[in-house]
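What's in structure_31.csv: CSV, C-alpha atoms
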chain,number,residue,atom,x,y,z
A,256,MET,CA,2.3,24.5,127.1
A,257,SER,CA,0.8,23.8,123.7
A,258,GLY,CA,-2.8,24.7,122.9
A,259,ALA,CA,-3.8,21.0,122.7
A,260,ALA,CA,-2.2,20.4,126.1
A,261,ALA,CA,-3.9,23.4,127.7
A,262,ALA,CA,-7.3,22.3,126.2
A,263,ALA,CA,-6.8,18.8,127.6
A,264,ARG,CA,-6.0,20.1,131.1
A,265,VAL,CA,-9.1,22.4,131.0
A,266,THR,CA,-11.3,19.5,129.8
A,267,LEU,CA,-10.0,17.3,132.6
A,268,ALA,CA,-10.5,20.0,135.2
A,269,VAL,CA,-14.1,20.6,134.0
A,270,ALA,CA,-14.8,16.9,134.0
A,271,ALA,CA,-13.5,16.5,137.5
A,272,VAL,CA,-15.6,19.4,138.8
A,273,ALA,CA,-18.7,18.0,137.0
A,274,ALA,CA,-18.1,14.6,138.5
A,275,TRP,CA,-17.8,16.1,142.0
A,276,GLN,CA,-21.0,18.1,141.5
A,277,ILE,CA,-22.9,15.1,140.4
A,278,GLY,CA,-21.6,13.2,143.4
A,279,ALA,CA,-22.5,16.0,145.8
A,280,HIS,CA,-26.0,16.3,144.4
A,281,PHE,CA,-26.5,12.6,144.6
A,282,ALA,CA,-25.5,12.7,148.3
A,283,VAL,CA,-28.0,15.5,149.0
A,284,ALA,CA,-30.8,13.9,147.1
A,285,THR,CA,-30.4,10.3,148.3
A,286,PRO,CA,-31.7,9.4,151.8
A,287,GLY,CA,-29.0,7.8,153.9
A,288,ALA,CA,-26.0,8.9,151.9
A,289,HIS,CA,-24.6,11.0,154.8
A,290,GLY,CA,-21.3,9.3,154.8
A,291,PHE,CA,-20.8,9.8,151.1
A,292,GLY,CA,-21.9,13.4,151.5
A,293,LEU,CA,-19.4,14.0,154.2
A,294,ALA,CA,-16.7,12.6,152.0
A,295,MET,CA,-17.7,14.9,149.2
A,296,ALA,CA,-17.6,17.8,151.5
A,297,LEU,CA,-14.3,17.1,153.2
A,298,VAL,CA,-12.0,15.2,150.8
A,299,PRO,CA,-11.5,17.9,148.2
A,300,PRO,CA,-10.5,20.7,150.7
A,301,LEU,CA,-8.3,18.2,152.6
A,302,LEU,CA,-6.5,17.2,149.5
A,303,ILE,CA,-6.0,20.8,148.4
A,304,ALA,CA,-4.7,21.6,151.9
A,305,LEU,CA,-2.4,18.6,151.8
A,306,ALA,CA,-0.9,19.6,148.5
A,307,ALA,CA,-0.5,23.2,149.7
A,308,ALA,CA,1.2,22.1,152.9
A,309,ALA,CA,3.5,19.7,151.0
A,310,ARG,CA,4.7,22.5,148.7
A,311,SER,CA,5.1,25.0,151.5
A,312,PRO,CA,8.5,25.8,153.0
A,313,ARG,CA,6.8,25.5,156.4
A,314,ARG,CA,5.7,21.9,155.6
A,315,ALA,CA,7.6,20.6,158.6
A,316,TRP,CA,4.8,21.8,160.9
A,317,LEU,CA,2.0,22.2,158.4
A,318,LEU,CA,2.0,18.5,157.5
A,319,PRO,CA,1.6,17.3,161.1
A,320,LEU,CA,-1.0,20.0,161.6
A,321,TRP,CA,-2.9,18.7,158.6
A,322,ALA,CA,-2.7,15.1,160.0
A,323,LEU,CA,-4.1,16.3,163.4
A,324,ILE,CA,-7.0,18.1,161.7
A,325,ALA,CA,-7.7,15.0,159.5
A,326,LEU,CA,-7.7,12.8,162.6
A,327,ALA,CA,-10.0,15.1,164.4
A,328,LEU,CA,-12.4,15.1,161.5
A,329,TRP,CA,-12.3,11.3,161.3
A,330,LEU,CA,-13.1,11.0,165.0
A,331,ALA,CA,-16.0,13.4,164.6
A,332,ARG,CA,-17.3,11.9,161.4
A,333,ALA,CA,-20.5,10.5,162.9
A,334,PRO,CA,-22.0,13.9,164.0
A,335,LEU,CA,-20.5,15.7,161.1
A,336,ALA,CA,-22.2,13.3,158.6
A,337,HIS,CA,-25.6,14.3,159.8
A,338,HIS,CA,-24.9,17.9,158.8
A,339,PHE,CA,-22.7,17.3,155.7
A,340,GLU,CA,-24.9,19.8,153.7
A,341,TRP,CA,-23.3,22.6,155.6
A,342,GLY,CA,-19.9,21.5,154.4
A,343,LEU,CA,-21.1,21.5,150.8
A,344,TYR,CA,-22.7,24.9,151.2
A,345,LEU,CA,-19.6,26.5,152.8
A,346,GLU,CA,-17.5,25.1,150.0
A,347,HIS,CA,-19.8,26.6,147.4
A,348,VAL,CA,-20.1,30.0,149.0
A,349,SER,CA,-16.5,30.3,150.0
A,350,PHE,CA,-15.4,29.6,146.4
A,351,ASN,CA,-17.6,32.3,145.0
A,352,LEU,CA,-16.7,34.8,147.6
A,353,ALA,CA,-13.0,34.1,147.0
A,354,MET,CA,-13.6,34.7,143.3
A,355,ALA,CA,-15.4,37.9,144.0
A,356,LEU,CA,-12.5,39.0,146.2
A,357,LEU,CA,-10.0,38.0,143.5
A,358,PHE,CA,-11.7,40.3,141.0
A,359,GLY,CA,-12.9,43.0,143.4
A,360,ARG,CA,-9.7,43.7,145.3
A,361,THR,CA,-8.1,44.8,142.0
A,362,LEU,CA,-10.7,47.6,141.6
A,363,ALA,CA,-9.1,49.5,144.5
A,364,VAL,CA,-7.4,52.8,143.9
A,365,ARG,CA,-3.9,52.5,142.4
A,366,ARG,CA,-4.5,48.8,141.4
A,367,VAL,CA,-4.9,47.4,138.0
A,368,PRO,CA,-8.3,45.6,137.5
A,369,LEU,CA,-7.8,41.9,136.9
A,370,CYS,CA,-9.5,41.9,133.5
A,371,THR,CA,-7.1,44.7,132.4
A,372,GLN,CA,-4.2,42.6,133.5
A,373,PHE,CA,-5.6,39.7,131.4
A,374,ALA,CA,-5.9,42.1,128.3
A,375,ALA,CA,-2.3,43.2,128.8
A,376,MET,CA,-1.1,39.6,129.0
A,377,ILE,CA,-3.1,38.5,126.0
A,378,HIS,CA,-2.3,41.3,123.6
A,379,GLY,CA,0.9,42.7,125.1
A,380,GLY,CA,1.7,46.3,126.0
A,381,THR,CA,-0.4,48.9,127.8
A,382,PRO,CA,-4.2,48.7,127.0
A,383,THR,CA,-5.7,51.6,125.2
A,384,PRO,CA,-8.0,53.9,127.3
A,385,ALA,CA,-11.1,52.3,125.8
A,386,VAL,CA,-9.8,48.8,126.7
A,387,ALA,CA,-8.8,49.9,130.2
A,388,ARG,CA,-12.3,51.4,130.8
A,389,TYR,CA,-14.1,48.4,129.4
A,390,THR,CA,-12.0,45.8,131.3
A,391,ARG,CA,-12.5,47.7,134.5
A,392,GLU,CA,-16.3,47.5,134.0
A,393,ILE,CA,-16.0,43.8,133.2
A,394,THR,CA,-13.9,43.3,136.4
A,395,LEU,CA,-16.7,44.9,138.4
A,396,ALA,CA,-19.3,42.8,136.5
A,397,TRP,CA,-17.5,39.5,137.4
A,398,THR,CA,-17.2,40.7,141.1
A,399,LEU,CA,-20.9,41.3,141.2
A,400,PHE,CA,-21.6,38.1,139.4
A,401,PHE,CA,-19.8,35.9,142.0
A,402,LEU,CA,-21.4,37.9,144.9
A,403,ALA,CA,-24.8,37.3,143.4
A,404,ILE,CA,-24.1,33.5,143.1
A,405,ALA,CA,-23.0,33.4,146.7
A,406,GLY,CA,-26.1,35.5,147.8
A,407,VAL,CA,-28.6,33.3,145.9
A,408,SER,CA,-26.9,30.1,147.2
A,409,THR,CA,-27.2,31.5,150.8
A,410,LEU,CA,-30.9,32.4,150.4
A,411,MET,CA,-31.7,29.0,148.9
A,412,PHE,CA,-29.8,27.1,151.5
A,413,ALA,CA,-31.7,29.0,154.2
A,414,PHE,CA,-35.2,29.0,152.8
A,415,ALA,CA,-35.5,26.5,149.9
A,416,PRO,CA,-35.6,22.7,150.1
A,417,ILE,CA,-32.1,21.3,150.3
A,418,VAL,CA,-32.4,19.5,146.9
A,419,ALA,CA,-33.4,22.7,145.2
A,420,TRP,CA,-30.3,24.4,146.7
A,421,SER,CA,-28.2,21.5,145.5
A,422,THR,CA,-29.6,21.7,142.0
A,423,PHE,CA,-28.7,25.4,141.8
A,424,ALA,CA,-25.2,25.0,143.4
A,425,ASN,CA,-24.2,21.9,141.5
A,426,TYR,CA,-26.1,22.0,138.2
A,427,LEU,CA,-26.7,25.7,137.5
A,428,ALA,CA,-23.9,27.8,139.0
A,429,LEU,CA,-21.1,26.5,136.7
A,430,PRO,CA,-23.2,26.8,133.5
A,431,LEU,CA,-24.0,30.4,134.6
A,432,VAL,CA,-20.3,31.1,134.6
A,433,ALA,CA,-20.2,29.9,130.9
A,434,VAL,CA,-23.2,32.1,130.1
A,435,MET,CA,-21.3,35.0,131.7
A,436,PHE,CA,-18.3,34.3,129.5
A,437,VAL,CA,-20.5,34.2,126.4
A,438,ALA,CA,-22.3,37.4,127.4
A,439,GLU,CA,-19.0,39.2,128.0
A,440,HIS,CA,-17.7,38.1,124.7
A,441,ALA,CA,-20.8,39.4,122.9
A,442,CYS,CA,-20.6,42.7,124.8
A,443,ARG,CA,-16.9,43.1,123.8
A,444,ARG,CA,-17.8,42.8,120.1
A,445,PHE,CA,-20.0,45.9,120.5
A,446,ALA,CA,-18.0,47.8,123.0
A,447,LEU,CA,-14.6,47.3,121.3
A,448,PRO,CA,-15.3,46.5,117.7
A,449,ASP,CA,-11.8,47.5,116.5
A,450,GLU,CA,-9.8,45.7,119.1
A,451,PRO,CA,-8.3,42.2,118.4
A,452,ARG,CA,-10.3,39.4,119.9
A,453,ALA,CA,-9.0,36.6,122.1
A,454,GLY,CA,-10.3,33.1,122.5
A,455,MET,CA,-11.3,31.2,125.6
A,456,LEU,CA,-7.9,29.5,125.9
A,457,ASP,CA,-6.1,32.8,125.7
A,458,ALA,CA,-8.2,34.1,128.7
A,459,ILE,CA,-7.4,30.9,130.6
A,460,ARG,CA,-3.7,31.2,130.0
A,461,ALA,CA,-3.8,34.8,131.1
A,462,TYR,CA,-5.7,33.9,134.3
A,463,ARG,CA,-3.1,31.2,135.0
A,464,GLN,CA,-0.2,33.7,134.5
A,465,ALA,CA,-1.9,36.2,136.7
A,466,THR,CA,-2.5,33.8,139.5
A,467,GLN,CA,1.0,32.4,139.3
A,468,ALA,CA,2.4,35.9,139.4
A,469,HIS,CA,0.3,36.7,142.4
A,470,ALA,CA,1.5,33.5,144.2
A,471,LYS,CA,5.1,34.5,143.6
A,472,HIS,CA,4.6,37.9,145.1
A,473,SER,CA,2.5,36.8,148.1

Same coordinates, now as structure tokens:
Amino acid sequence: MSGAAAAARVTLAVAAVAAWQIGAHFAVATPGAHGFGLAMALVPPLLIALAAAARSPRRAWLLPLWALIALALWLARAPLAHHFEWGLYLEHVSFNLAMALLFGRTLAVRRVPLCTQFAAMIHGGTPTPAVARYTREITLAWTLFFLAIAGVSTLMFAFAPIVAWSTFANYLALPLVAVMFVAEHACRRFALPDEPRAGMLDAIRAYRQATQAHAKHS
């Protein structure tokens, strides 16, 4: 995939996420928008599950199971709509916990930290000891970052007004990821001044390669 095509796909993905977040916050902040809020909570995971079931070699029974779940959710839409905020909260927290697990599980003994894998894919070859040490620390930092986002989200959902929680989850969490990327890039300049630097698209390509490789072996 060319750099322009990769940039276009990233832009479209970010735009789609931003549109969903705006819609989710609108549902939370607008009285009477329960039905729309339930759609925002259920449609994305249902579409993701449908795509995964359609690609699975076990789709002969996964697709009917998906249809039964979708039918059950449709029949229960009225009571679910009154608590749609829980669906949005669970989506937000589960995503961040999944990201924390994605990074954190690679910190186990005899495993290669995820950021070290990225460095090897971007630059080729085995990382130097300095790069290996730094990328392990950055993998830990990303793990703690996503755990912190999930923790703050949970505390705000439990104790803050729902609109305040939605503002954090939908308008602040994603920009904080961008801030984390910028901070990591700045730290890398000081920690590894003599190492070649990679751009954002290089990191995204490395992430896609890592996740695709993981999918093939799982």

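When only C-alpha atoms are used to compute distances to Leu293 of chain A, the closest of the residues A:Ala279, A:Ala322, A:Ala374, A:Val367 turns out to be A:Ala279.
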
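Of the residues under consideration (A:Thr394, A:Asn425, A:Ser349, A:Ser408), A:Thr394 shows the shortest atom-to-atom contact distance to Pro368 of chain A when counting all atoms listed in the file.
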
query: With distances taken over all atoms listed in the file, which of A:Leu402, A:Ala385, A:Ala331, A:Leu395 is nearest to Ala353 of chain A?
result: A:Leu402

task: Name the residues in contact with segment 317-320 of chain A at a cut-off of 12 Å, using only C-alpha atoms, excluding same-chain residues fewer than 5 positions from it; report them as number ranges by chain.
output: A: 301-302, 304-312, 325-327

Keeping only C-alpha atoms, write the selected residues to a file as a PDB file, in the frame of the given file.
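This is the output file again-v5.pdb:
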ATOM      1  CA  LEU A 301      -8.300  18.200 152.600  1.00  0.00           C
ATOM      2  CA  LEU A 302      -6.500  17.200 149.500  1.00  0.00           C
ATOM      3  CA  ALA A 304      -4.700  21.600 151.900  1.00  0.00           C
ATOM      4  CA  LEU A 305      -2.400  18.600 151.800  1.00  0.00           C
ATOM      5  CA  ALA A 306      -0.900  19.600 148.500  1.00  0.00           C
ATOM      6  CA  ALA A 307      -0.500  23.200 149.700  1.00  0.00           C
ATOM      7  CA  ALA A 308       1.200  22.100 152.900  1.00  0.00           C
ATOM      8  CA  ALA A 309       3.500  19.700 151.000  1.00  0.00           C
ATOM      9  CA  ARG A 310       4.700  22.500 148.700  1.00  0.00           C
ATOM     10  CA  SER A 311       5.100  25.000 151.500  1.00  0.00           C
ATOM     11  CA  PRO A 312       8.500  25.800 153.000  1.00  0.00           C
ATOM     12  CA  ALA A 325      -7.700  15.000 159.500  1.00  0.00           C
ATOM     13  CA  LEU A 326      -7.700  12.800 162.600  1.00  0.00           C
ATOM     14  CA  ALA A 327     -10.000  15.100 164.400  1.00  0.00           C
TER      15      ALA A 327
END

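Interatomic distance, atom CA of Leu431 of chain A to atom CA of Thr390 of chain A: 19.8 Å.
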
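Remark: for Gln276 of chain A, the closest of the candidate residues A:Arg264, A:Arg332, A:His337, A:His347 is A:His347 (distances computed over all atoms listed in the file).
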
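Note that atom CA of Phe414 of chain A and atom CA of Phe291 of chain A are 24.1 Å apart.
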
query: Quick one: residues within 10 Å of Leu357 of chain A, all atoms listed in the file counted, chain neighbours fewer than 5 positions away excluded, as a ChimeraX atom specification?
result: /A:351-352,362,368-369,394,397-398,466
